[in-house]
file upload.cif (mmCIF, C-alpha atoms)
data_run
#
loop_
_atom_site.group_PDB
_atom_site.id
_atom_site.type_symbol
_atom_site.label_atom_id
_atom_site.label_comp_id
_atom_site.auth_asym_id
_atom_site.auth_seq_id
_atom_site.Cartn_x
_atom_site.Cartn_y
_atom_site.Cartn_z
ATOM 1 C CA MET A 147 2.172 -8.144 -18.102
ATOM 2 C CA ALA A 148 1.381 -4.925 -19.969
ATOM 3 C CA GLY A 149 -1.595 -4.299 -17.678
ATOM 4 C CA GLY A 150 0.532 -4.827 -14.587
ATOM 5 C CA ALA A 151 3.218 -2.463 -15.859
ATOM 6 C CA GLY A 152 0.595 0.181 -16.622
ATOM 7 C CA ALA A 153 -0.993 -0.250 -13.191
ATOM 8 C CA ALA A 154 2.389 0.181 -11.512
ATOM 9 C CA LEU A 155 3.046 3.399 -13.433
ATOM 10 C CA LEU A 156 -0.403 4.741 -12.530
ATOM 11 C CA GLN A 157 0.111 3.921 -8.863
ATOM 12 C CA ALA A 158 3.505 5.617 -8.795
ATOM 13 C CA ALA A 159 2.011 8.695 -10.450
ATOM 14 C CA TRP A 160 -0.845 8.780 -7.932
ATOM 15 C CA GLY A 161 1.719 8.512 -5.153
ATOM 16 C CA THR A 162 3.178 11.856 -6.200
ATOM 17 C CA CYS A 163 -0.288 13.396 -5.821
ATOM 18 C CA PHE A 164 -0.524 11.964 -2.311
ATOM 19 C CA THR A 165 2.685 13.700 -1.300
ATOM 20 C CA ARG A 166 1.281 17.099 -2.317
ATOM 21 C CA HIS A 167 -1.597 16.763 0.146
ATOM 22 C CA ASP A 168 -2.101 16.350 3.855
ATOM 23 C CA PRO A 169 -1.656 12.732 5.104
ATOM 24 C CA LYS A 170 -5.422 12.596 5.653
ATOM 25 C CA PHE A 171 -5.770 12.588 1.865
ATOM 26 C CA ALA A 172 -3.999 9.212 1.675
ATOM 27 C CA LEU A 173 -5.947 7.937 4.669
ATOM 28 C CA ALA A 174 -9.185 8.647 2.795
ATOM 29 C CA CYS A 175 -8.194 7.696 -0.754
ATOM 30 C CA THR A 176 -6.565 4.317 -0.172
ATOM 31 C CA PRO A 177 -9.491 2.562 1.558
ATOM 32 C CA THR A 178 -11.969 4.198 -0.824
ATOM 33 C CA ALA A 179 -10.023 2.838 -3.784
ATOM 34 C CA ALA A 180 -10.045 -0.634 -2.190
ATOM 35 C CA ILE A 181 -13.825 -0.527 -1.728
ATOM 36 C CA VAL A 182 -14.464 0.676 -5.279
ATOM 37 C CA THR A 183 -12.122 -1.927 -6.779
ATOM 38 C CA GLY A 184 -13.438 -4.823 -4.712
ATOM 39 C CA THR A 185 -17.084 -3.918 -5.271
ATOM 40 C CA THR A 186 -16.599 -3.519 -9.026
ATOM 41 C CA LEU A 187 -14.835 -6.867 -9.354
ATOM 42 C CA ALA A 188 -17.509 -8.553 -7.247
ATOM 43 C CA VAL A 189 -20.583 -7.319 -9.121
ATOM 44 C CA ILE A 190 -19.287 -7.224 -12.694
ATOM 45 C CA SER A 191 -20.407 -9.987 -15.018
ATOM 46 C CA THR A 192 -18.093 -12.130 -17.110
ATOM 47 C CA GLU A 193 -19.300 -10.480 -20.319
ATOM 48 C CA LEU A 194 -18.372 -7.006 -19.063
ATOM 49 C CA SER A 195 -15.148 -7.891 -17.263
ATOM 50 C CA ALA A 196 -12.899 -7.059 -20.234
ATOM 51 C CA PHE A 197 -14.713 -3.758 -20.700
ATOM 52 C CA VAL A 198 -14.218 -2.815 -17.044
ATOM 53 C CA LEU A 199 -10.534 -3.741 -17.155
ATOM 54 C CA ILE A 200 -10.183 -1.141 -19.898
ATOM 55 C CA VAL A 201 -12.450 1.515 -18.414
ATOM 56 C CA MET A 202 -11.006 1.551 -14.882
ATOM 57 C CA PRO A 203 -7.375 2.326 -15.844
ATOM 58 C CA VAL A 204 -8.537 4.942 -18.350
ATOM 59 C CA ALA A 205 -10.759 6.533 -15.703
ATOM 60 C CA SER A 206 -7.868 6.519 -13.250
ATOM 61 C CA LEU A 207 -5.618 8.188 -15.815
ATOM 62 C CA CYS A 208 -8.258 10.854 -16.515
ATOM 63 C CA LEU A 209 -8.714 11.564 -12.802
ATOM 64 C CA LEU A 210 -4.948 11.773 -12.395
ATOM 65 C CA ALA A 211 -4.675 14.244 -15.251
ATOM 66 C CA LEU A 212 -7.570 16.282 -13.829
ATOM 67 C CA GLU A 213 -6.018 16.367 -10.349
ATOM 68 C CA THR A 214 -2.611 17.373 -11.694
ATOM 69 C CA THR A 215 -4.102 20.047 -13.945
ATOM 70 C CA ARG A 216 -6.201 21.439 -11.103
ATOM 71 C CA GLU A 217 -3.176 21.678 -8.819
ATOM 72 C CA PHE A 218 -0.902 23.458 -11.260
ATOM 73 C CA ALA A 219 -3.478 25.607 -13.019
ATOM 74 C CA THR A 220 -3.840 27.763 -9.905
ATOM 75 C CA LEU A 221 -0.108 28.478 -9.640
ATOM 76 C CA HIS A 222 1.600 31.553 -11.030
ATOM 77 C CA PRO A 223 4.022 30.543 -13.833
ATOM 78 C CA ARG A 224 6.965 32.147 -12.042
ATOM 79 C CA ILE A 225 6.184 30.240 -8.858
ATOM 80 C CA GLN A 226 6.074 27.013 -10.873
ATOM 81 C CA ALA A 227 9.506 27.794 -12.303
ATOM 82 C CA ALA A 228 10.907 28.586 -8.857
ATOM 83 C CA CYS A 229 9.410 25.369 -7.482
ATOM 84 C CA GLN A 230 11.010 23.324 -10.250
ATOM 85 C CA GLU A 231 14.364 24.948 -9.528
ATOM 86 C CA GLU A 232 14.172 24.214 -5.796
ATOM 87 C CA GLU A 233 12.950 20.603 -5.790
ATOM 88 C CA PRO A 234 15.817 18.740 -7.507
ATOM 89 C CA GLN A 235 18.343 20.121 -5.021
ATOM 90 C CA ASN A 236 16.351 18.854 -2.041
ATOM 91 C CA GLN A 237 15.449 15.485 -3.506
ATOM 92 C CA THR A 238 19.048 14.355 -3.810
ATOM 93 C CA GLN A 239 19.521 13.902 -0.056
ATOM 94 C CA PRO A 240 17.210 11.126 1.161
ATOM 95 C CA THR A 241 17.377 10.198 4.812
ATOM 96 C CA HIS A 242 16.577 7.123 6.880
ATOM 97 C CA GLY A 243 17.437 4.775 4.030
ATOM 98 C CA GLU A 244 17.630 1.647 6.181
ATOM 99 C CA PRO A 245 14.060 1.792 7.583
ATOM 100 C CA THR A 246 12.787 2.587 4.091
ATOM 101 C CA MET A 247 14.476 -0.489 2.648
ATOM 102 C CA ARG A 248 13.098 -2.551 5.522
ATOM 103 C CA LEU A 249 9.595 -1.391 4.642
ATOM 104 C CA ILE A 250 10.119 -2.218 0.958
ATOM 105 C CA PHE A 251 11.498 -5.677 1.753
ATOM 106 C CA SER A 252 8.633 -6.388 4.151
ATOM 107 C CA ALA A 253 6.056 -5.305 1.564
ATOM 108 C CA ALA A 254 7.542 -7.785 -0.910
ATOM 109 C CA ALA A 255 7.781 -10.544 1.718
ATOM 110 C CA PHE A 256 4.180 -10.177 2.903
ATOM 111 C CA ALA A 257 2.910 -10.056 -0.687
ATOM 112 C CA PHE A 258 4.864 -13.234 -1.452
ATOM 113 C CA LEU A 259 3.390 -15.088 1.516
ATOM 114 C CA VAL A 260 -0.207 -14.113 0.851
ATOM 115 C CA ARG A 261 -0.178 -14.806 -2.889
ATOM 116 C CA ILE A 262 1.156 -18.310 -2.269
ATOM 117 C CA PHE A 263 -2.145 -19.169 -0.622
ATOM 118 C CA ASP A 264 -4.142 -17.292 -3.255
ATOM 119 C CA ALA A 265 -2.721 -19.668 -5.852
ATOM 120 C CA MET A 266 -3.469 -22.800 -3.846
ATOM 121 C CA PRO A 267 -6.589 -24.787 -4.816
ATOM 122 C CA VAL A 268 -9.712 -24.136 -2.738
ATOM 123 C CA THR A 269 -11.641 -27.311 -2.001
ATOM 124 C CA GLY A 270 -15.306 -27.481 -1.042
ATOM 125 C CA ASN A 271 -17.870 -24.715 -1.079
ATOM 126 C CA ASP A 272 -16.501 -21.175 -1.390
ATOM 127 C CA PRO A 273 -18.894 -18.797 0.416
ATOM 128 C CA PHE A 274 -17.122 -15.824 -1.182
ATOM 129 C CA ALA A 275 -17.527 -17.007 -4.785
ATOM 130 C CA PRO A 276 -20.614 -14.793 -5.389
ATOM 131 C CA LEU A 277 -18.555 -11.827 -4.123
ATOM 132 C CA GLY A 278 -15.614 -12.428 -6.438
ATOM 133 C CA GLY A 279 -13.577 -14.699 -4.172
ATOM 134 C CA SER A 280 -11.648 -14.269 -0.953
ATOM 135 C CA ALA A 281 -9.202 -11.648 -2.239
ATOM 136 C CA THR A 282 -11.952 -9.391 -3.634
ATOM 137 C CA PHE A 283 -14.033 -9.789 -0.480
ATOM 138 C CA SER A 284 -11.056 -8.831 1.687
ATOM 139 C CA LEU A 285 -10.560 -5.597 -0.286
ATOM 140 C CA VAL A 286 -14.043 -4.373 0.600
ATOM 141 C CA VAL A 287 -13.835 -5.504 4.233
ATOM 142 C CA VAL A 288 -10.467 -3.873 4.782
ATOM 143 C CA GLY A 289 -11.548 -0.653 3.068
ATOM 144 C CA VAL A 290 -14.559 -0.345 5.357
ATOM 145 C CA LEU A 291 -12.488 -1.308 8.429
ATOM 146 C CA PHE A 292 -9.775 1.224 7.554
ATOM 147 C CA ILE A 293 -12.307 4.035 7.185
ATOM 148 C CA ALA A 294 -13.996 3.002 10.438
ATOM 149 C CA ILE A 295 -10.699 3.084 12.349
ATOM 150 C CA VAL A 296 -9.849 6.537 11.019
ATOM 151 C CA GLY A 297 -13.392 7.773 11.703
ATOM 152 C CA ILE A 298 -13.434 6.517 15.292
ATOM 153 C CA LEU A 299 -10.116 8.147 16.086
ATOM 154 C CA ARG A 300 -10.597 11.315 14.024
ATOM 155 C CA LYS A 301 -11.063 13.461 17.140
ATOM 156 C CA LYS A 302 -7.823 12.171 18.640
ATOM 157 C CA HIS A 303 -4.287 11.874 17.389
ATOM 158 C CA PHE A 304 -4.485 8.996 14.925
ATOM 159 C CA ASP A 305 -1.691 6.488 15.478
ATOM 160 C CA ILE A 306 -1.148 4.857 12.110
ATOM 161 C CA LEU A 307 0.815 2.073 13.819
ATOM 162 C CA LEU A 308 -2.523 0.760 15.083
ATOM 163 C CA VAL A 309 -3.182 -0.552 11.571
ATOM 164 C CA TYR A 310 0.141 -2.423 11.658
ATOM 165 C CA ARG A 311 -0.731 -3.881 15.051
ATOM 166 C CA LEU A 312 -3.993 -5.180 13.587
ATOM 167 C CA SER A 313 -2.620 -6.508 10.307
ATOM 168 C CA LEU A 314 0.088 -8.758 11.738
ATOM 169 C CA PRO A 315 -2.134 -10.686 14.206
ATOM 170 C CA LEU A 316 -4.793 -11.090 11.508
ATOM 171 C CA MET A 317 -2.260 -12.554 9.067
ATOM 172 C CA ALA A 318 -0.818 -14.811 11.771
ATOM 173 C CA PHE A 319 -4.296 -15.923 12.853
ATOM 174 C CA GLY A 320 -5.239 -16.657 9.254
ATOM 175 C CA LEU A 321 -2.125 -18.769 8.740
ATOM 176 C CA THR A 322 -2.882 -20.659 11.947
ATOM 177 C CA VAL A 323 -6.397 -21.409 10.682
ATOM 178 C CA VAL A 324 -4.884 -22.561 7.381
ATOM 179 C CA ALA A 325 -2.629 -24.970 9.266
ATOM 180 C CA LEU A 326 -5.467 -26.417 11.343
ATOM 181 C CA PHE A 327 -8.653 -26.210 9.267
ATOM 182 C CA TYR A 328 -7.683 -25.651 5.637
ATOM 183 C CA ASP A 329 -9.381 -28.801 4.377
ATOM 184 C CA GLN A 330 -12.700 -27.846 5.984
ATOM 185 C CA HIS A 331 -12.592 -24.027 5.687
ATOM 186 C CA ALA A 332 -10.127 -23.189 2.914
ATOM 187 C CA ALA A 333 -11.889 -20.070 1.632
ATOM 188 C CA VAL A 334 -12.419 -18.607 5.099
ATOM 189 C CA SER A 335 -8.793 -19.288 6.032
ATOM 190 C CA ILE A 336 -7.444 -17.521 2.947
ATOM 191 C CA ALA A 337 -9.855 -14.621 3.452
ATOM 192 C CA ARG A 338 -8.464 -13.990 6.936
ATOM 193 C CA VAL A 339 -4.906 -13.985 5.640
ATOM 194 C CA CYS A 340 -5.876 -11.597 2.836
ATOM 195 C CA ILE A 341 -7.660 -9.213 5.223
ATOM 196 C CA GLY A 342 -4.536 -8.897 7.349
ATOM 197 C CA TYR A 343 -2.371 -8.334 4.290
ATOM 198 C CA GLU A 344 -4.668 -5.743 2.702
ATOM 199 C CA LEU A 345 -4.518 -3.728 5.925
ATOM 200 C CA PHE A 346 -0.738 -3.668 5.632
ATOM 201 C CA ASP A 347 -0.964 -2.846 1.923
ATOM 202 C CA LEU A 348 -3.114 0.224 2.605
ATOM 203 C CA LEU A 349 -0.777 1.192 5.441
ATOM 204 C CA SER A 350 2.227 1.001 3.103
ATOM 205 C CA TRP A 351 0.637 3.604 0.799
ATOM 206 C CA VAL A 352 0.338 6.017 3.707
ATOM 207 C CA LEU A 353 3.895 5.249 4.836
ATOM 208 C CA PHE A 354 5.410 5.752 1.380
ATOM 209 C CA SER A 355 3.573 9.057 1.153
ATOM 210 C CA GLY A 356 5.002 10.058 4.530
ATOM 211 C CA ILE A 357 8.509 9.030 3.464
ATOM 212 C CA ALA A 358 8.356 11.254 0.398
ATOM 213 C CA GLN A 359 6.898 14.164 2.391
ATOM 214 C CA ARG A 360 9.034 14.056 5.538
ATOM 215 C CA LYS A 361 12.321 12.532 4.457
ATOM 216 C CA GLY A 362 13.065 14.621 1.394
ATOM 217 C CA GLN A 363 12.933 11.697 -1.034
ATOM 218 C CA SER A 364 11.511 11.768 -4.536
ATOM 219 C CA ALA A 365 7.920 10.535 -4.571
ATOM 220 C CA TYR A 366 8.553 8.602 -7.774
ATOM 221 C CA ARG A 367 11.521 6.881 -6.158
ATOM 222 C CA ALA A 368 9.678 5.996 -2.942
ATOM 223 C CA PHE A 369 6.507 4.709 -4.603
ATOM 224 C CA GLY A 370 8.337 3.207 -7.570
ATOM 225 C CA MET A 371 10.583 1.032 -5.428
ATOM 226 C CA GLY A 372 7.736 0.089 -3.093
ATOM 227 C CA ILE A 373 5.275 -0.820 -5.830
ATOM 228 C CA GLY A 374 7.905 -2.615 -7.912
ATOM 229 C CA CYS A 375 9.035 -4.805 -5.017
ATOM 230 C CA THR A 376 5.434 -5.512 -3.994
ATOM 231 C CA PHE A 377 4.536 -6.628 -7.510
ATOM 232 C CA ALA A 378 7.671 -8.774 -7.635
ATOM 233 C CA GLY A 379 6.643 -10.424 -4.361
ATOM 234 C CA MET A 380 3.137 -11.060 -5.702
ATOM 235 C CA ALA A 381 4.486 -12.620 -8.896
ATOM 236 C CA GLY A 382 6.884 -14.812 -6.947
ATOM 237 C CA GLY A 383 4.145 -15.944 -4.570
ATOM 238 C CA TYR A 384 1.767 -16.837 -7.394
ATOM 239 C CA ALA A 385 4.510 -18.743 -9.224
ATOM 240 C CA VAL A 386 5.591 -20.743 -6.169
ATOM 241 C CA GLY A 387 2.003 -21.451 -5.122
ATOM 242 C CA GLN A 388 0.760 -22.517 -8.546
ATOM 243 C CA PHE A 389 3.750 -24.385 -9.954
ATOM 244 C CA ALA A 390 5.429 -25.800 -6.836
ATOM 245 C CA ILE A 391 3.117 -26.024 -3.837
ATOM 246 C CA ALA A 392 -0.237 -26.822 -5.508
ATOM 247 C CA PRO A 393 1.082 -29.880 -7.424
ATOM 248 C CA SER A 394 2.875 -31.120 -4.310
ATOM 249 C CA LEU A 395 -0.340 -30.850 -2.301
ATOM 250 C CA GLN A 396 -2.239 -32.823 -4.903
ATOM 251 C CA ASN A 397 0.228 -35.713 -5.006
ATOM 252 C CA GLY A 398 0.579 -35.706 -1.200
ATOM 253 C CA SER A 399 4.300 -34.980 -1.019
ATOM 254 C CA ILE A 400 3.694 -32.025 1.333
ATOM 255 C CA GLU A 401 0.925 -31.009 3.727
ATOM 256 C CA THR A 402 -0.907 -27.708 3.958
ATOM 257 C CA ALA A 403 -0.096 -27.490 7.669
ATOM 258 C CA GLY A 404 3.628 -27.597 6.921
ATOM 259 C CA VAL A 405 3.372 -24.803 4.363
ATOM 260 C CA ALA A 406 1.373 -22.671 6.811
ATOM 261 C CA ILE A 407 3.852 -23.257 9.646
ATOM 262 C CA ILE A 408 6.793 -22.213 7.448
ATOM 263 C CA ALA A 409 4.857 -19.133 6.282
ATOM 264 C CA THR A 410 4.000 -18.206 9.880
ATOM 265 C CA THR A 411 7.645 -18.484 10.892
ATOM 266 C CA PHE A 412 8.706 -16.287 7.982
ATOM 267 C CA LEU A 413 5.981 -13.784 8.883
ATOM 268 C CA ALA A 414 7.177 -13.613 12.492
ATOM 269 C CA ILE A 415 10.819 -13.148 11.473
ATOM 270 C CA THR A 416 9.902 -10.342 9.082
ATOM 271 C CA ALA A 417 7.614 -8.634 11.589
ATOM 272 C CA PHE A 418 9.903 -8.748 14.612
ATOM 273 C CA LEU A 419 13.380 -8.569 13.086
ATOM 274 C CA VAL A 420 13.042 -6.802 9.734
ATOM 275 C CA LEU A 421 10.149 -4.388 10.326
ATOM 276 C CA PRO A 422 9.473 -3.913 14.050
ATOM 277 C CA GLU A 423 7.389 -0.973 15.218
ATOM 278 C CA SER A 424 10.552 0.950 16.029
ATOM 279 C CA ALA A 425 11.494 0.964 12.332
ATOM 280 C CA LEU A 426 8.067 2.264 11.379
ATOM 281 C CA GLY A 427 8.373 4.870 14.107
ATOM 282 C CA MET A 428 11.587 6.129 12.509
ATOM 283 C CA LEU A 429 9.780 6.467 9.185
ATOM 284 C CA LEU A 430 7.014 8.478 10.811
ATOM 285 C CA GLN A 431 9.318 10.812 12.739
ATOM 286 C CA LYS A 432 9.518 14.375 11.555
ATOM 287 C CA LYS A 433 12.830 15.650 10.285
ATOM 288 C CA ALA A 434 15.142 17.433 12.661
ATOM 289 C CA LYS A 435 15.635 21.149 12.262
ATOM 290 C CA ASP A 436 19.145 20.744 10.925
ATOM 291 C CA ASP A 437 18.091 18.238 8.269
ATOM 292 C CA THR A 438 17.663 19.202 4.663
ATOM 293 C CA PRO A 439 14.182 20.702 4.324
ATOM 294 C CA PRO A 440 11.616 18.847 2.218
ATOM 295 C CA PRO A 441 10.735 20.111 -1.259
ATOM 296 C CA ARG A 442 9.016 23.434 -0.871
ATOM 297 C CA SER A 443 5.410 23.692 -1.885
ATOM 298 C CA PRO A 444 4.426 26.514 -4.251
ATOM 299 C CA MET A 445 2.568 28.289 -1.443
ATOM 300 C CA ARG A 446 5.684 28.254 0.756
ATOM 301 C CA LEU A 447 7.678 29.712 -2.086
ATOM 302 C CA LEU A 448 5.119 32.460 -2.456
ATOM 303 C CA LEU A 449 5.179 33.331 1.237
ATOM 304 C CA ARG A 450 8.841 32.839 2.060
ATOM 305 C CA LYS A 451 10.660 33.681 -1.157
ATOM 306 C CA PRO A 452 9.747 36.850 -3.015
ATOM 307 C CA VAL A 453 9.288 36.453 -6.727
ATOM 308 C CA MET A 454 11.228 39.026 -8.699
ATOM 309 C CA PRO A 455 9.362 40.719 -11.519
#

call {"tool": "encode", "arguments": {"input": "upload.cif", "output": "structure tokens"}}
result
Amino acid sequence: MAGGAGAALLQAAWGTCFTRHDPKFALACTPTAAIVTGTTLAVISTELSAFVLIVMPVASLCLLALETTREFATLHPRIQAACQEEEPQNQTQPTHGEPTMRLIFSAAAFAFLVRIFDAMPVTGNDPFAPLGGSATFSLVVVGVLFIAIVGILRKKHFDILLVYRLSLPLMAFGLTVVALFYDQHAAVSIARVCIGYELFDLLSWVLFSGIAQRKGQSAYRAFGMGIGCTFAGMAGGYAVGQFAIAPSLQNGSIETAGVAIIATTFLAITAFLVLPESALGMLLQKKAKDDTPPPRSPMRLLLRKPVMP
């Protein structure tokens, strides 16, 4: 629990760094982090696992401190003071609250669905066991796929909604495979569900960064609510899967196909009614000219607002 709370705080703090950069920064960092995390978990031995679980958060905290120090060390003290005076006034007027809450609810719902199947027992041979399991394997695959998508479309206008269009069919396809072939291919079925979800998870980081940049919201508020609800969905999914569904599957009171069908229905309702592409499009729209401007960067303050001696 303490490790999860610390990870959430680190992620929220990193989210504020994302909002101070171009969106391409988030597009590069999120899949890279997934690859590094998945690869480390896959290759680390049992004897060193506790050591890595200590080193990785500490390394993340050091990198965060270095990034923050590097950003603010180059600023003139008076510009920093002016920036601090300007930001609180602009951050009190968030816009497009309904699509933002839809995104947060969907992040929690998708996390809940996927972690239910993570907690279910895997029967037979697991081909992903040498790679750390299905969830770890999906992190690396999705990280590479995300980078490949961005790289292929780097010369054109990158439509981030393409990732959403890929993630939903992959999750739905994985749930369909769970319903039909879970007994024979449990690990492969769960891996496909996890790959679709991890695509959405990386997309949500980019979207939360865009919300904080374009909509005038506090980065801590946007990432804090998103990460908190996602973690709550994960915890709920693990609890339901381990303490309710897994025992019922073992005693035969329910069937895997029934669980997968219910999950697919819930996925479709969330995707088409709660978070359709139109809602994501509203989150990605730039603010109108008469809207409250986003928090000014120090460079804008330097160029547009003279600093009195």

call {"tool": "closest_residue", "arguments": {"input": "upload.cif", "among": "A:Ile391, A:Val286, A:Thr162, A:Ala325", "to": "Ala188 (chain A)", "atoms": "all atoms listed in the file"}}
result
A:Val286

call {"tool": "closest_residue", "arguments": {"input": "upload.cif", "among": "A:Thr185, A:Gln330, A:Ser252, A:Ser335", "to": "Thr282 (chain A)", "atoms": "all atoms listed in the file"}}
result
A:Thr185

call {"tool": "residues_around", "arguments": {"input": "upload.cif", "residues": "Ala265 (chain A)", "least_positions_apart": "2", "cutoff": "10 Å", "atoms": "all atoms listed in the file", "output": "MDAnalysis selection string"}}
result
chainID A and resid 260:263 267:268 383:389 391:392

call {"tool": "atom_distance", "arguments": {"input": "upload.cif", "atom1": "CA of Ile181 (chain A)", "atom2": "CA of Arg338 (chain A)"}}
result
16.9 Å

call {"tool": "atom_distance", "arguments": {"input": "upload.cif", "atom1": "CA of Ala172 (chain A)", "atom2": "CA of Ile336 (chain A)"}}
result
27.0 Å

call {"tool": "build_atoms", "arguments": {"input": "upload.cif", "residues": "region 154-179 of chain A", "atoms": "N, CA and C atoms", "output": "CSV table (one decimal), in the coordinates of the input"}}
result
chain,number,residue,atom,x,y,z
A,154,ALA,N,1.3,-0.3,-12.4
A,154,ALA,CA,2.4,0.2,-11.5
A,154,ALA,C,2.7,1.6,-11.8
A,155,LEU,N,2.8,2.0,-13.1
A,155,LEU,CA,3.0,3.4,-13.4
A,155,LEU,C,2.0,4.3,-12.9
A,156,LEU,N,0.7,3.9,-13.0
A,156,LEU,CA,-0.4,4.7,-12.5
A,156,LEU,C,-0.3,4.9,-11.0
A,157,GLN,N,0.0,3.8,-10.3
A,157,GLN,CA,0.1,3.9,-8.9
A,157,GLN,C,1.3,4.8,-8.4
A,158,ALA,N,2.4,4.7,-9.1
A,158,ALA,CA,3.5,5.6,-8.8
A,158,ALA,C,3.1,7.1,-9.1
A,159,ALA,N,2.4,7.3,-10.1
A,159,ALA,CA,2.0,8.7,-10.4
A,159,ALA,C,1.0,9.2,-9.4
A,160,TRP,N,0.1,8.4,-9.0
A,160,TRP,CA,-0.8,8.8,-7.9
A,160,TRP,C,-0.1,9.0,-6.6
A,161,GLY,N,1.0,8.3,-6.4
A,161,GLY,CA,1.7,8.5,-5.2
A,161,GLY,C,2.3,9.9,-5.1
A,162,THR,N,2.7,10.5,-6.2
A,162,THR,CA,3.2,11.9,-6.2
A,162,THR,C,2.1,12.8,-5.8
A,163,CYS,N,0.8,12.5,-6.2
A,163,CYS,CA,-0.3,13.4,-5.8
A,163,CYS,C,-0.5,13.3,-4.3
A,164,PHE,N,-0.3,12.1,-3.8
A,164,PHE,CA,-0.5,12.0,-2.3
A,164,PHE,C,0.5,12.8,-1.5
A,165,THR,N,1.7,12.9,-2.0
A,165,THR,CA,2.7,13.7,-1.3
A,165,THR,C,2.4,15.2,-1.3
A,166,ARG,N,1.6,15.7,-2.2
A,166,ARG,CA,1.3,17.1,-2.3
A,166,ARG,C,0.1,17.5,-1.5
A,167,HIS,N,-0.4,16.5,-0.7
A,167,HIS,CA,-1.6,16.8,0.1
A,167,HIS,C,-1.3,16.4,1.6
A,168,ASP,N,-2.2,16.7,2.5
A,168,ASP,CA,-2.1,16.4,3.9
A,168,ASP,C,-2.2,14.8,4.0
A,169,PRO,N,-1.6,14.2,5.0
A,169,PRO,CA,-1.7,12.7,5.1
A,169,PRO,C,-3.1,12.2,5.2
A,170,LYS,N,-4.0,13.0,5.6
A,170,LYS,CA,-5.4,12.6,5.7
A,170,LYS,C,-6.0,12.3,4.3
A,171,PHE,N,-5.4,12.9,3.2
A,171,PHE,CA,-5.8,12.6,1.9
A,171,PHE,C,-5.5,11.1,1.5
A,172,ALA,N,-4.3,10.6,1.9
A,172,ALA,CA,-4.0,9.2,1.7
A,172,ALA,C,-4.8,8.3,2.5
A,173,LEU,N,-5.1,8.7,3.8
A,173,LEU,CA,-5.9,7.9,4.7
A,173,LEU,C,-7.4,7.8,4.1
A,174,ALA,N,-7.8,8.7,3.4
A,174,ALA,CA,-9.2,8.6,2.8
A,174,ALA,C,-9.2,7.9,1.4
A,175,CYS,N,-8.2,8.2,0.6
A,175,CYS,CA,-8.2,7.7,-0.8
A,175,CYS,C,-7.9,6.2,-0.8
A,176,THR,N,-7.0,5.7,0.0
A,176,THR,CA,-6.6,4.3,-0.2
A,176,THR,C,-7.7,3.3,0.2
A,177,PRO,N,-8.4,3.5,1.3
A,177,PRO,CA,-9.5,2.6,1.6
A,177,PRO,C,-10.7,2.7,0.6
A,178,THR,N,-10.9,4.0,0.1
A,178,THR,CA,-12.0,4.2,-0.8
A,178,THR,C,-11.7,3.5,-2.1
A,179,ALA,N,-10.4,3.5,-2.6
A,179,ALA,CA,-10.0,2.8,-3.8
A,179,ALA,C,-10.2,1.3,-3.6
